[in-house]
Structure formats: C-alpha cells, structure tokens
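S.K.: my_file22.cif is the file, holding mmCIF, C-alpha atoms and all ligand atoms:
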```cif
data_model
#
loop_
_atom_site.label_atom_id
_atom_site.label_comp_id
_atom_site.auth_asym_id
_atom_site.auth_seq_id
_atom_site.Cartn_x
_atom_site.Cartn_y
_atom_site.Cartn_z
CA MET A 1 14.84 -3.20 -5.49
CA ASP A 2 15.10 -2.14 -1.86
CA ASP A 3 13.91 1.37 -2.71
CA TRP A 4 11.01 0.25 -4.91
CA LYS A 5 7.62 1.60 -3.83
CA PRO A 6 4.84 -0.88 -3.03
CA LYS A 7 3.21 -0.38 -6.47
CA THR A 8 6.38 -1.48 -8.24
CA ARG A 9 6.84 -4.41 -5.88
CA ALA A 10 3.22 -5.42 -6.58
CA VAL A 11 4.07 -5.90 -10.25
CA HIS A 12 7.63 -7.28 -10.17
CA GLY A 13 8.15 -8.55 -6.60
CA GLY A 14 9.03 -12.19 -6.04
CA ILE A 15 9.10 -13.11 -9.72
CA ARG A 16 11.06 -16.23 -10.67
CA ARG A 17 11.20 -17.31 -14.28
CA SER A 18 11.57 -20.82 -15.64
CA GLN A 19 14.02 -21.75 -18.42
CA PHE A 20 11.45 -20.39 -20.93
CA ASN A 21 11.70 -16.86 -19.57
CA GLU A 22 7.94 -16.30 -19.65
CA VAL A 23 6.61 -12.75 -19.03
CA SER A 24 3.57 -13.74 -16.97
CA GLU A 25 4.19 -15.83 -13.89
CA ALA A 26 3.84 -19.59 -14.47
CA ILE A 27 1.44 -21.87 -12.61
CA PHE A 28 3.37 -24.85 -11.30
CA LEU A 29 0.54 -27.36 -10.87
CA THR A 30 2.67 -30.06 -9.31
CA GLN A 31 2.71 -31.67 -5.89
CA GLY A 32 6.27 -32.90 -6.15
CA PHE A 33 9.75 -32.15 -7.54
CA VAL A 34 12.33 -34.48 -9.07
CA TYR A 35 15.82 -34.74 -7.57
CA ASP A 36 18.93 -35.30 -9.70
CA SER A 37 20.29 -37.75 -7.14
CA PRO A 38 19.62 -39.18 -3.70
CA GLU A 39 22.35 -36.89 -2.41
CA GLN A 40 20.40 -33.86 -3.67
CA ALA A 41 17.18 -35.17 -2.09
CA GLU A 42 18.97 -35.67 1.23
CA ALA A 43 20.52 -32.20 1.10
CA ARG A 44 17.19 -30.57 0.28
CA PHE A 45 15.36 -32.25 3.17
CA LEU A 46 18.19 -31.22 5.47
CA ALA A 47 18.33 -27.57 4.34
CA SER A 48 14.57 -26.89 4.47
CA ASP A 49 15.13 -23.78 2.31
CA PRO A 50 11.86 -22.06 1.28
CA ASN A 51 13.31 -21.42 -2.17
CA GLU A 52 14.00 -25.08 -2.94
CA PHE A 53 11.01 -27.34 -3.28
CA ILE A 54 10.22 -30.78 -1.89
CA TYR A 55 6.46 -31.18 -1.77
CA ALA A 56 3.61 -28.75 -2.40
CA ARG A 57 2.35 -29.01 1.20
CA TYR A 58 5.68 -27.40 2.20
CA GLY A 59 6.04 -24.98 -0.68
CA ASN A 60 5.61 -24.48 -4.43
CA PRO A 61 7.26 -22.00 -6.83
CA THR A 62 3.96 -20.24 -7.74
CA VAL A 63 2.98 -20.03 -4.09
CA ARG A 64 6.45 -18.73 -3.23
CA MET A 65 6.14 -15.91 -5.80
CA PHE A 66 2.85 -14.91 -4.20
CA GLU A 67 4.32 -15.01 -0.67
CA GLU A 68 7.38 -12.97 -1.60
CA ARG A 69 5.40 -10.37 -3.54
CA LEU A 70 2.93 -9.82 -0.71
CA ALA A 71 5.70 -9.69 1.92
CA GLN A 72 7.50 -7.07 -0.19
CA ILE A 73 4.35 -4.94 -0.47
CA GLU A 74 3.71 -5.12 3.30
CA GLY A 75 7.41 -4.65 4.06
CA THR A 76 8.00 -7.79 6.14
CA GLU A 77 10.96 -10.18 5.98
CA ASP A 78 8.91 -13.17 4.93
CA GLY A 79 5.44 -14.58 4.34
CA PHE A 80 3.52 -17.85 4.08
CA ALA A 81 0.38 -18.41 2.00
CA VAL A 82 -2.32 -20.85 3.07
CA ALA A 83 -5.67 -22.13 1.85
CA SER A 84 -7.93 -19.43 3.30
CA GLY A 85 -8.01 -16.41 5.57
CA MET A 86 -9.27 -18.57 8.41
CA SER A 87 -6.49 -21.05 7.89
CA ALA A 88 -4.04 -18.15 8.20
CA VAL A 89 -5.59 -17.01 11.50
CA ASN A 90 -5.85 -20.57 12.81
CA VAL A 91 -2.25 -21.54 12.02
CA ALA A 92 -0.88 -18.21 13.30
CA LEU A 93 -2.67 -18.62 16.65
CA MET A 94 -2.23 -22.41 17.02
CA SER A 95 1.46 -22.31 16.15
CA ALA A 96 2.06 -19.57 18.73
CA ALA A 97 -0.15 -21.15 21.42
CA ARG A 98 1.38 -22.30 24.70
CA PRO A 99 -0.30 -23.85 27.75
CA GLY A 100 -1.49 -21.16 30.14
CA MET A 101 -0.75 -18.27 27.78
CA ARG A 102 -2.68 -14.98 27.95
CA ILE A 103 -4.22 -13.51 24.80
CA VAL A 104 -5.73 -10.04 24.74
CA ALA A 105 -8.15 -9.54 21.84
CA ALA A 106 -10.49 -6.89 20.54
CA ARG A 107 -14.11 -7.87 21.12
CA ALA A 108 -15.33 -6.93 17.63
CA LEU A 109 -13.98 -9.84 15.57
CA PHE A 110 -15.02 -11.86 12.54
CA GLY A 111 -17.17 -14.75 13.87
CA SER A 112 -14.73 -17.49 12.87
CA CYS A 113 -11.83 -15.64 14.55
CA LEU A 114 -13.89 -15.62 17.78
CA TYR A 115 -14.48 -19.35 17.32
CA ILE A 116 -10.71 -20.04 17.26
CA LEU A 117 -10.15 -17.97 20.42
CA GLU A 118 -12.99 -19.81 22.16
CA TRP A 119 -11.45 -23.11 21.04
CA LEU A 120 -8.07 -22.13 22.52
CA ALA A 121 -9.81 -21.14 25.76
CA LYS A 122 -10.97 -24.78 26.11
CA PHE A 123 -7.31 -25.77 26.43
CA GLY A 124 -6.51 -23.40 29.24
CA VAL A 125 -5.53 -20.34 27.22
CA GLU A 126 -6.69 -17.18 28.98
CA VAL A 127 -8.48 -14.88 26.52
CA VAL A 128 -9.30 -11.33 27.64
CA TYR A 129 -11.57 -9.21 25.42
CA VAL A 130 -11.43 -5.43 25.24
CA ASP A 131 -13.31 -2.70 23.41
CA GLY A 132 -10.73 -2.16 20.66
CA THR A 133 -11.57 1.52 20.26
CA SER A 134 -10.74 2.28 23.91
CA PRO A 135 -7.02 3.07 24.44
CA ALA A 136 -7.57 2.78 28.22
CA GLN A 137 -8.90 -0.78 27.94
CA TRP A 138 -5.86 -1.88 25.91
CA GLU A 139 -3.56 -0.21 28.47
CA ALA A 140 -5.25 -2.04 31.35
CA ALA A 141 -5.39 -5.44 29.62
CA ILE A 142 -1.89 -5.67 28.10
CA THR A 143 -0.14 -6.66 31.33
CA PRO A 144 3.38 -8.16 31.57
CA ALA A 145 1.68 -11.60 31.66
CA THR A 146 0.35 -11.06 28.13
CA ASP A 147 1.83 -13.28 25.40
CA LEU A 148 -0.22 -12.39 22.34
CA VAL A 149 -2.50 -9.57 21.19
CA PHE A 150 -5.03 -10.18 18.42
CA LEU A 151 -7.25 -7.72 16.58
CA GLU A 152 -8.73 -6.63 13.27
CA THR A 153 -7.63 -3.19 12.08
CA ILE A 154 -11.13 -2.35 10.85
CA SER A 155 -13.81 -4.46 12.44
CA ASN A 156 -16.58 -6.34 10.69
CA PRO A 157 -19.33 -5.19 10.21
CA THR A 158 -19.36 -1.95 12.23
CA LEU A 159 -16.04 -0.62 10.87
CA GLU A 160 -14.44 0.34 14.17
CA VAL A 161 -10.85 1.40 13.58
CA ILE A 162 -8.12 0.39 16.02
CA ASP A 163 -4.98 2.46 16.61
CA LEU A 164 -2.30 -0.04 15.55
CA GLY A 165 0.68 2.09 16.61
CA HIS A 166 -0.70 2.43 20.15
CA VAL A 167 -1.45 -1.30 20.56
CA ALA A 168 1.92 -2.25 19.03
CA ALA A 169 3.80 0.01 21.47
CA LEU A 170 1.94 -1.41 24.50
CA SER A 171 2.64 -4.98 23.33
CA GLN A 172 6.30 -4.34 22.58
CA ALA A 173 6.75 -2.95 26.08
CA VAL A 174 5.68 -6.30 27.59
CA GLY A 175 7.21 -8.53 24.90
CA ALA A 176 3.87 -9.75 23.52
CA LEU A 177 3.39 -10.80 19.90
CA THR A 178 0.88 -8.64 18.00
CA VAL A 179 -1.19 -10.46 15.38
CA VAL A 180 -3.46 -8.32 13.20
CA ASP A 181 -6.08 -9.37 10.68
CA ASN A 182 -5.71 -6.49 8.21
CA THR A 183 -8.13 -7.83 5.58
CA PHE A 184 -10.56 -4.87 5.65
CA ALA A 185 -7.77 -2.27 5.52
CA THR A 186 -5.81 -4.07 2.73
CA PRO A 187 -2.07 -3.41 2.30
CA VAL A 188 -2.87 -0.42 0.04
CA GLY A 189 -2.07 3.03 1.37
CA ALA A 190 -0.83 1.72 4.73
CA SER A 191 1.33 -0.98 6.26
CA ALA A 192 0.42 -2.60 9.56
CA ALA A 193 4.00 -3.90 9.79
CA ALA A 194 5.39 -0.36 9.49
CA LEU A 195 3.25 0.63 12.48
CA GLY A 196 5.00 -2.03 14.58
CA ILE A 197 2.67 -5.01 14.18
CA ASP A 198 4.59 -8.31 14.29
CA VAL A 199 2.31 -10.59 12.28
CA VAL A 200 -0.06 -9.33 9.57
CA ILE A 201 -2.79 -11.57 8.17
CA TYR A 202 -4.85 -11.23 5.01
CA SER A 203 -7.80 -13.20 3.76
CA THR A 204 -6.62 -12.94 0.15
CA THR A 205 -10.08 -14.19 -0.86
CA LYS A 206 -11.24 -10.57 -0.56
CA HIS A 207 -9.61 -7.53 -2.22
CA ILE A 208 -6.49 -9.42 -3.32
CA ASP A 209 -8.51 -11.85 -5.42
CA GLY A 210 -10.83 -8.97 -6.24
CA GLY A 211 -13.14 -10.99 -8.45
CA GLY A 212 -14.69 -13.42 -5.99
CA ARG A 213 -12.97 -16.42 -7.59
CA GLY A 214 -11.14 -18.40 -4.94
CA LEU A 215 -10.08 -18.73 -1.32
CA GLY A 216 -6.65 -17.87 -0.02
CA GLY A 217 -4.87 -16.48 3.00
CA ALA A 218 -1.45 -15.14 3.90
CA VAL A 219 0.60 -14.48 7.03
CA LEU A 220 3.43 -11.94 6.93
CA GLY A 221 6.10 -11.32 9.54
CA SER A 222 9.72 -11.74 10.57
CA SER A 223 11.77 -14.68 9.27
CA GLU A 224 11.92 -15.85 12.88
CA PHE A 225 8.13 -16.04 13.19
CA ILE A 226 7.42 -17.36 9.69
CA ARG A 227 10.16 -20.03 9.61
CA GLY A 228 10.51 -20.70 13.34
CA THR A 229 6.89 -20.71 14.50
CA PHE A 230 4.42 -20.69 11.61
CA GLU A 231 5.99 -22.91 8.95
CA PRO A 232 6.64 -26.06 11.04
CA TYR A 233 3.01 -26.18 12.16
CA ALA A 234 1.61 -25.20 8.73
CA LYS A 235 3.53 -27.76 6.74
CA HIS A 236 2.69 -30.67 9.01
CA THR A 237 -0.99 -29.84 9.38
CA GLY A 238 -1.88 -29.41 5.70
CA SER A 239 -3.11 -25.86 5.20
CA ALA A 240 -1.44 -25.46 1.79
CA ILE A 241 -2.99 -23.15 -0.79
CA SER A 242 -3.61 -24.52 -4.28
CA PRO A 243 -0.95 -23.21 -6.71
CA PHE A 244 -3.81 -22.15 -8.98
CA ASN A 245 -5.40 -19.97 -6.27
CA ALA A 246 -1.97 -18.60 -5.35
CA TRP A 247 -1.48 -17.65 -9.00
CA MET A 248 -4.87 -15.86 -9.17
CA HIS A 249 -4.03 -13.89 -6.03
CA LEU A 250 -0.47 -13.21 -7.22
CA LYS A 251 -1.92 -11.63 -10.37
CA GLY A 252 -4.52 -9.84 -8.22
CA LEU A 253 -1.70 -8.04 -6.42
CA GLU A 254 -0.69 -6.34 -9.69
CA THR A 255 -3.94 -4.36 -9.84
CA LEU A 256 -4.72 -4.21 -6.10
CA ASP A 257 -3.61 -0.60 -5.59
CA LEU A 258 -5.69 0.70 -8.50
CA ARG A 259 -8.75 -1.30 -7.49
CA VAL A 260 -8.69 -0.45 -3.78
CA ARG A 261 -8.19 3.26 -4.47
CA ALA A 262 -11.04 3.29 -7.00
CA MET A 263 -13.34 1.46 -4.58
CA ALA A 264 -12.38 3.79 -1.71
CA ALA A 265 -12.98 6.88 -3.88
CA SER A 266 -16.46 5.55 -4.77
CA ALA A 267 -17.14 4.67 -1.12
CA ALA A 268 -16.29 8.25 -0.11
CA GLU A 269 -18.59 9.62 -2.83
CA ILE A 270 -21.47 7.35 -1.75
CA ALA A 271 -20.92 8.19 1.93
CA ALA A 272 -21.10 11.91 1.06
CA ALA A 273 -24.36 11.37 -0.85
CA LEU A 274 -25.91 9.46 2.09
CA ASP A 275 -24.74 11.53 5.05
CA GLY A 276 -27.73 12.84 7.03
CA HIS A 277 -30.27 10.88 4.94
CA GLU A 278 -33.67 10.83 6.68
CA LYS A 279 -34.06 7.04 6.44
CA LEU A 280 -30.71 6.37 8.16
CA ALA A 281 -30.10 6.21 11.91
CA ARG A 282 -26.35 5.95 11.29
CA LEU A 283 -23.90 6.07 8.43
CA ILE A 284 -20.55 4.46 9.22
CA TYR A 285 -17.56 5.26 7.01
CA PRO A 286 -14.03 5.66 8.43
CA GLY A 287 -13.23 8.26 5.76
CA ARG A 288 -15.82 10.72 7.08
CA ALA A 289 -15.23 13.19 9.88
CA SER A 290 -18.40 11.90 11.59
CA HIS A 291 -16.77 8.49 12.20
CA PRO A 292 -15.72 8.12 15.89
CA GLN A 293 -12.18 7.00 14.94
CA HIS A 294 -11.80 9.19 11.86
CA ALA A 295 -8.54 10.70 13.14
CA VAL A 296 -7.01 7.24 13.70
CA ALA A 297 -8.18 6.08 10.26
CA ALA A 298 -6.72 9.18 8.59
CA ARG A 299 -3.39 8.66 10.35
CA GLN A 300 -3.17 4.96 9.49
CA MET A 301 -4.43 4.92 5.89
CA ASP A 302 -4.32 7.36 3.02
CA HIS A 303 -7.91 6.49 2.03
CA GLY A 304 -11.13 5.89 3.96
CA GLY A 305 -11.61 2.23 3.06
CA THR A 306 -13.84 0.35 0.66
CA MET A 307 -16.57 -0.60 3.14
CA LEU A 308 -19.62 1.33 4.37
CA ALA A 309 -22.27 0.43 6.91
CA LEU A 310 -25.78 1.91 6.96
CA ASP A 311 -28.18 1.56 9.86
CA LEU A 312 -31.75 1.92 8.60
CA LYS A 313 -34.29 3.52 10.91
CA GLY A 314 -36.98 0.91 10.21
CA GLY A 315 -34.98 -2.08 11.52
CA LYS A 316 -34.99 -5.49 9.80
CA ASP A 317 -38.09 -4.81 7.64
CA ALA A 318 -36.57 -1.63 6.24
CA ALA A 319 -33.20 -3.33 5.72
CA PHE A 320 -34.81 -6.19 3.79
CA GLU A 321 -36.96 -3.78 1.71
CA PHE A 322 -33.82 -1.82 0.93
CA LEU A 323 -31.85 -4.91 -0.15
CA ASN A 324 -34.75 -6.11 -2.30
CA ALA A 325 -35.05 -2.72 -4.02
CA LEU A 326 -31.36 -2.46 -5.03
CA HIS A 327 -30.45 -3.19 -8.66
CA VAL A 328 -26.67 -2.75 -8.81
CA PRO A 329 -25.14 -4.33 -5.67
CA VAL A 330 -25.70 -8.07 -5.25
CA ILE A 331 -26.80 -9.67 -1.97
CA SER A 332 -23.95 -11.86 -0.78
CA ASN A 333 -21.34 -11.99 1.98
CA ASN A 334 -17.96 -11.67 0.26
CA LEU A 335 -16.22 -8.30 0.13
CA GLY A 336 -13.51 -6.55 -1.84
CA ASP A 337 -15.07 -7.84 -5.08
CA ALA A 338 -15.39 -5.87 -8.34
CA LYS A 339 -19.14 -6.27 -7.83
CA SER A 340 -20.63 -4.20 -5.02
CA ILE A 341 -22.05 -6.50 -2.35
CA VAL A 342 -24.66 -5.85 0.33
CA THR A 343 -24.95 -7.98 3.46
CA HIS A 344 -27.43 -8.01 6.36
CA PRO A 345 -25.06 -9.14 9.15
CA ALA A 346 -27.71 -9.73 11.86
CA THR A 347 -29.40 -12.51 9.84
CA THR A 348 -26.37 -13.94 7.98
CA THR A 349 -22.70 -13.57 8.99
CA HIS A 350 -23.53 -12.76 12.62
CA GLN A 351 -26.82 -14.67 12.88
CA ARG A 352 -25.54 -17.08 15.54
CA LEU A 353 -24.37 -14.42 18.01
CA PRO A 354 -26.57 -14.07 21.11
CA GLU A 355 -28.81 -10.98 21.02
CA GLU A 356 -26.88 -9.34 23.85
CA GLN A 357 -23.57 -9.68 21.99
CA LYS A 358 -25.13 -8.29 18.80
CA GLN A 359 -26.26 -5.24 20.77
CA GLN A 360 -22.83 -4.81 22.35
CA LEU A 361 -21.20 -4.93 18.90
CA GLY A 362 -23.73 -2.53 17.32
CA ILE A 363 -25.11 -5.22 14.98
CA THR A 364 -28.63 -3.80 14.94
CA PRO A 365 -31.55 -5.23 12.92
CA GLY A 366 -31.32 -2.25 10.54
CA LEU A 367 -27.59 -2.58 9.84
CA VAL A 368 -26.53 -3.18 6.23
CA ARG A 369 -22.90 -3.62 5.18
CA LEU A 370 -21.85 -2.44 1.73
CA SER A 371 -18.64 -3.52 0.03
CA VAL A 372 -18.16 -0.94 -2.70
CA GLY A 373 -17.08 -2.42 -6.03
CA LEU A 374 -15.77 -1.05 -9.29
CA GLU A 375 -19.06 0.08 -10.84
CA ASP A 376 -19.62 3.76 -11.64
CA ALA A 377 -19.96 5.60 -8.31
CA GLY A 378 -22.83 7.71 -9.66
CA ASP A 379 -24.77 4.59 -10.68
CA LEU A 380 -24.24 3.13 -7.22
CA ALA A 381 -25.25 6.30 -5.38
CA ASP A 382 -28.36 6.73 -7.58
CA ASP A 383 -29.37 3.10 -7.03
CA ILE A 384 -28.92 3.36 -3.25
CA LEU A 385 -30.81 6.66 -3.00
CA ARG A 386 -33.65 5.29 -5.14
CA ALA A 387 -33.88 2.11 -3.03
CA LEU A 388 -33.92 4.19 0.18
CA SER A 389 -36.72 6.37 -1.20
CA GLN A 390 -38.84 3.24 -1.79
CA ILE A 391 -38.82 2.11 1.85
C1 LIG B 401 -13.27 -13.13 5.16
C2 LIG B 401 -12.49 -12.80 6.35
C3 LIG B 401 -11.76 -13.80 7.02
C4 LIG B 401 -11.79 -15.23 6.58
O1 LIG B 401 -11.23 -15.42 5.33
P1 LIG B 401 -11.57 -16.69 4.40
O2 LIG B 401 -10.64 -16.50 3.25
O3 LIG B 401 -13.02 -16.62 4.08
O4 LIG B 401 -11.25 -17.90 5.22
C5 LIG B 401 -11.05 -13.45 8.14
N1 LIG B 401 -11.03 -12.18 8.58
C6 LIG B 401 -11.69 -11.19 7.96
C7 LIG B 401 -11.61 -9.81 8.49
C8 LIG B 401 -12.43 -11.47 6.83
O5 LIG B 401 -13.10 -10.49 6.20
#
```
Please rewrite the model in this file as structure tokens.
Ligand SMILES: *Cc1c(COP(=O)(O)O)cnc(C)c1O
M.R.:
Amino acid sequence: MDDWKPKTRAVHGGIRRSQFNEVSEAIFLTQGFVYDSPEQAEARFLASDPNEFIYARYGNPTVRMFEERLAQIEGTEDGFAVASGMSAVNVALMSAARPGMRIVAARALFGSCLYILEWLAKFGVEVVYVDGTSPAQWEAAITPATDLVFLETISNPTLEVIDLGHVAALSQAVGALTVVDNTFATPVGASAAALGIDVVIYSTTKHIDGGGRGLGGAVLGSSEFIRGTFEPYAKHTGSAISPFNAWMHLKGLETLDLRVRAMAASAAEIAAALDGHEKLARLIYPGRASHPQHAVAARQMDHGGTMLALDLKGGKDAAFEFLNALHVPVISNNLGDAKSIVTHPATTTHQRLPEEQKQQLGITPGLVRLSVGLEDAGDLADDILRALSQI
C-alpha cells in the first residue's frame, strides 16, 4: 500500500468494511455507537482513538474513510473532515491561534478567509499581508517572530499562483506553521504537502464533490497537528461533517483525477482559442506561457488548472452582455462542478470589497471567472466565442 500511486489510493484508500463485506463504502448514518460494557465505554473515552467511535461529532466510520483516503492521496499522516471549506479554515486557524501571535498571509484570499483573519486581528493577533506573487515580500515578512503563514495556492478570482516550495522553506527556517488552502489547485497532479506545506485545506464542496451536491471541508497534516491541535478544538466546537456528505465526497475522490484532468485539458483548449481575442483586455490561465507565474505553475502542477479568468474590454456592461449571451455555462458561484460555471466576481463573490481593494486585487468590472466543467471543450469554446462576438 505504501507504494500505491495517488490514483490507486483514491479508489481503495481508507476503506473499512462491515461484517457484510460490501463493495461500495457504507454510509453510517448514526450519531452514536453502542458499547458492550461500561468498561469498554470507559476505555474508549480514555483512548480517544480516531478509529474507534464514540459520537459522530468526534468521528464516524464513513467520515473516517473519507479522511484517510484524502490524507493518503495528499501524502499526509492524518486528516480531519468538517462541515465546509470555511469550517476547515476557521478551525485550523482558531485551533492554532495564540495571544499576540503573528500571521503572515497572502493578500489575495477568498473573502471569507479574509473575514477570519480580520476576526483574529480583533483579539490581538498581528496579521501582515503580502503580495503572494512577490518572493521578496514573503522574505521580508516571514521574520523569526512569525508563527503561522496562510495562503491560497491559486488565488480567487485572478488565479495568481504562489510558489509553495519557497514559502515553505522560509517558514520552516523560522519554525512557522504553513497553512495552505489548496482548493483551486486540487490534490490532482501535485501535492502541497510534498512541497513542504504543513497543513493543507480543501473545500471538498468544489472539485471533490464535483457535482455541486453538498458542502464539505478537510484539513490534512501531521498526526501531531491533526490530533494535538485541530481535533480537540473541532470536536468540542461542533464542526462535524454529515456522514452522508462525507460519503458523497469519498466517492467523489474515486473519479477526481479523471475529472480534474479532463477539465484542465478543456480549460487549456479554451484558453488557446481565446488568447489574443479582440474583446479581451486580459486572459488569465496558469497553464499558458503568458501567465505571470506560468513557470511556478508548471513546476508545481502537471496541468494548468480548471479555472480561467477573462477581462472584457467593455467593463461591467460587456461582462453582463457576455454572461447573458452564453448558452452552455451556467451563471453561479460554485466551481469544480461537472457543469461549467461563470461568475462576475466584482458584483457577487467580491461585491463587498472596497473599490480600492478590488483594484489592488485586479478584480476589474470586466472580469469574468470561468470554472470549466465536463462538457465537450469544442462546444464550450464555440459558445464562448459566439457570446463574445455578440458584445
Ligand atoms: C469555496 C472555497 C472556500 C470555502 O468553502 P465552502 O465549502 O464553501 O465553505 C474556501 N476557499 C476556497 C479557495 C474556496 O474556493
């Protein structure tokens, strides 16, 4: 098992069969577990073993299969699944928080991740923001006083790519914990943990679910972090994932590699068809040589990602005309779904950001984010080119 590749782990990893020896993983829809005796109950509470179950807020066999499978794919010692991606980020940061600690974070973050950092700052945590694409800014900010470093591998929505190996080395040198939200990159074709990142987070709502069905999140790391830091806080504060959602995402892992590679291949094809288009001020795709961090992306991942961003020359009016003219992608704000999804970040996901911050992050009125799904790439490219021609 130790020499299994991630694709094999994604299908067989973490499996535990009941007395019926079922092929497909069972859903254990139960909050509690019966003990043979009070002695057994006492021993189980004392041991606090993640593979023996007490109460579903602490752990559940279906959830455990999902945690073990994902940890095996990423290549970490352990993992913990929670109710959503944001719950994963919140519990990771809150459980590691200490009075007066210093966090260094990339500026381009998912809005809710920024919210958590701002919340921590109210309690005396020092949060220093850097331009994640600037190696010099990371070098200057990660001082010996730094306790934790937080970033997203590929930022939302402008798809900046951060050099994980570089940040991990700087953090290790000062003994800081690196926490990375790797949702956009997915565990396919790369491992943040292998690049030296201590704690890897996924919103499993996205590519891992892959069909837009339910929320979930996971945190992967060393046994010391998962059992010593994360678990005590998680189990007492009630962030448990439903066993049903854990089961959906467990089964999603079986096809994740195929789906992400197919989406990335289509994204590359669409990016090629759109490059230099007269209606676009910018085309952002990490898999293209024109992307500012293309070299980093190519080193870190063996595909260019499943997300594209287009900046339309005509601003908000053009972006809205474009979205209204599309037939194949749906207008929504999820990503990693089988259905291609278009989002206008300036008026939806990033609506609340002050104008100045939007400008700093490159969230222009003409910016459209595209999560490439599993439709035929030619159909998608034709639809996008037709919609652009109608503006
Ligand atoms: C969606 C997303 C989250 C939040 O995940 P939920 O499952 O919606 O809570 C966090 N980070 C990134 C990068 C995301 O895309």
S.K.: Pick out the closest residue to Arg17 of chain A from this set: A:Pro135, A:Pro243, A:Gly378, A:Pro61. Count all atoms listed in the file.
M.R.: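 Among the listed residues, A:Pro61 lies closest to Arg17 of chain A.
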S.K.: Given all atoms listed in the file as the basis, pick out the residue of A:Asn182, A:Ser290, A:Ser37, A:Gln19 nearest to ligand LIG 401 (chain B).
M.R.: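 Of all the options, A:Asn182 lies closest to ligand LIG 401 (chain B).
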S.K.: Select from chain A every residue with an atom at most 6 Å from any atom of ligand LIG 401 (chain B), then for each give the shortest pair of atoms and their distance in Å to one decimal, using only C-alpha atoms and all ligand atoms, rows by chain and rising number, as a Markdown table.
M.R.:
```
| residue | atom | partner | partner_atom | distance |
| --- | --- | --- | --- | --- |
| A:Ser84 | CA | B:LIG401 | O2 | 4.0 |
| A:Gly85 | CA | B:LIG401 | O1 | 3.4 |
| A:Met86 | CA | B:LIG401 | O4 | 3.8 |
| A:Phe110 | CA | B:LIG401 | N1 | 5.6 |
| A:Asp181 | CA | B:LIG401 | C7 | 6.0 |
| A:Thr183 | CA | B:LIG401 | C7 | 4.9 |
| A:Phe184 | CA | B:LIG401 | C7 | 5.8 |
| A:Ser203 | CA | B:LIG401 | O1 | 4.4 |
| A:Thr205 | CA | B:LIG401 | O2 | 4.7 |
| A:Leu215 | CA | B:LIG401 | O2 | 5.1 |
| A:Gly216 | CA | B:LIG401 | O2 | 5.3 |
| A:Gly217 | CA | B:LIG401 | O2 | 5.8 |
```
S.K.: Using only C-alpha atoms, which of A:Ala325, A:Leu312, A:Ile384, A:Ala83 sits nearest Ser340 of chain A?
M.R.: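 Looking at the shortest contact to Ser340 of chain A, the residue is A:Ile384.
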S.K.: List the neighbours of segment 291-294 of chain A out to 9 Å using all atoms listed in the file; skip same-chain residues closer than 4 positions along the sequence, and give me the result as a list in words.
M.R.: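 Everything that qualifies: Thr133, Glu160, Val161, Ile162, Asp163, Leu283, Ile284, Tyr285, Pro286, Gly287, Ala298, Arg299 and Gly304 of chain A.
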S.K.: When you draw a straight line from atom CA of Leu374 of chain A to atom CA of Val89 of chain A, how long is it in Å?
M.R.: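 Between atom CA of Leu374 of chain A and atom CA of Val89 of chain A the gap is 28.1 Å.
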S.K.: Could you state the separation of atom CA of Leu29 of chain A and atom CA of Ala56 of chain A in Å, given to one decimal place?
M.R.: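 Between these atoms lies a distance of 9.1 Å.
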S.K.: Just give me the gap between atom CA of Lys339 of chain A and atom CA of Ser371 of chain A in Å, one decimal is fine.
M.R.: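 Interatomic distance, atom CA of Lys339 of chain A to atom CA of Ser371 of chain A: 8.3 Å.
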S.K.: Neighbouring residues of Ser134 of chain A were defined as those with any atom within 12 Å, considering all atoms listed in the file; residues of the same chain fewer than 2 positions away were excluded. Please report them as an MDAnalysis selection string.
M.R.: chainID A and resid 106:107 129:132 136:141 160:163 166:167 292:293 296
S.K.: May I have the residues within 8 Å of Leu109 of chain A as a list in words, using all atoms listed in the file and disregarding those fewer than 2 positions away in the same chain?
M.R.: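 Here the answer would be Ala106, Arg107, Gly111, Cys113, Leu114, Leu151, Glu152, Ser155 and Asn156 of chain A.
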S.K.: Limited to C-alpha atoms, could you put the picked residues into a file as a PDB file, in the frame of the given file?
M.R.:
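Once written, result.pdb looks like this:
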```pdb
ATOM      1  CA  ALA A 106     -10.490  -6.890  20.540  1.00  0.00           C
ATOM      2  CA  ARG A 107     -14.110  -7.870  21.120  1.00  0.00           C
ATOM      3  CA  GLY A 111     -17.170 -14.750  13.870  1.00  0.00           C
ATOM      4  CA  CYS A 113     -11.830 -15.640  14.550  1.00  0.00           C
ATOM      5  CA  LEU A 114     -13.890 -15.620  17.780  1.00  0.00           C
ATOM      6  CA  LEU A 151      -7.250  -7.720  16.580  1.00  0.00           C
ATOM      7  CA  GLU A 152      -8.730  -6.630  13.270  1.00  0.00           C
ATOM      8  CA  SER A 155     -13.810  -4.460  12.440  1.00  0.00           C
ATOM      9  CA  ASN A 156     -16.580  -6.340  10.690  1.00  0.00           C
TER      10      ASN A 156
END
```
S.K.: Do you know which residues are at most 12 Å from Leu280 of chain A counting all atoms listed in the file, after dropping those on the same chain fewer than 4 positions away, and could you put them as a list of chain:residue names?
M.R.: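 Listing them by chain and then by number gives A:Ala271, A:Leu274, A:Asp275, A:Gly276, A:Ile284, A:Ala309, A:Leu310, A:Asp311, A:Leu312, A:Lys313, A:Gly314, A:Gly315, A:Ala318, A:Ala319, A:Phe322, A:Gly366, A:Leu367, A:Val368, A:Ile384, A:Leu385, A:Leu388, A:Ser389, A:Ile391.
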S.K.: Please produce an output containing C-alpha atoms for each residue in the selection, written as a tab-separated table (two decimals), in the frame of the given file.
M.R.:
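So the final result, stored in result-v7.tsv, reads:
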```tsv
chain	number	residue	atom	x	y	z
A	271	ALA	CA	-20.92	8.19	1.93
A	274	LEU	CA	-25.91	9.46	2.09
A	275	ASP	CA	-24.74	11.53	5.05
A	276	GLY	CA	-27.73	12.84	7.03
A	284	ILE	CA	-20.55	4.46	9.22
A	309	ALA	CA	-22.27	0.43	6.91
A	310	LEU	CA	-25.78	1.91	6.96
A	311	ASP	CA	-28.18	1.56	9.86
A	312	LEU	CA	-31.75	1.92	8.60
A	313	LYS	CA	-34.29	3.52	10.91
A	314	GLY	CA	-36.98	0.91	10.21
A	315	GLY	CA	-34.98	-2.08	11.52
A	318	ALA	CA	-36.57	-1.63	6.24
A	319	ALA	CA	-33.20	-3.33	5.72
A	322	PHE	CA	-33.82	-1.82	0.93
A	366	GLY	CA	-31.32	-2.25	10.54
A	367	LEU	CA	-27.59	-2.58	9.84
A	368	VAL	CA	-26.53	-3.18	6.23
A	384	ILE	CA	-28.92	3.36	-3.25
A	385	LEU	CA	-30.81	6.66	-3.00
A	388	LEU	CA	-33.92	4.19	0.18
A	389	SER	CA	-36.72	6.37	-1.20
A	391	ILE	CA	-38.82	2.11	1.85
```
S.K.: Using only C-alpha atoms, pick whichever of A:Pro50, A:Pro232, A:Pro365, A:Pro329 has the shortest atom-to-atom distance to Met94 of chain A.
M.R.: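 Closest residue, counting only C-alpha atoms: A:Pro232.
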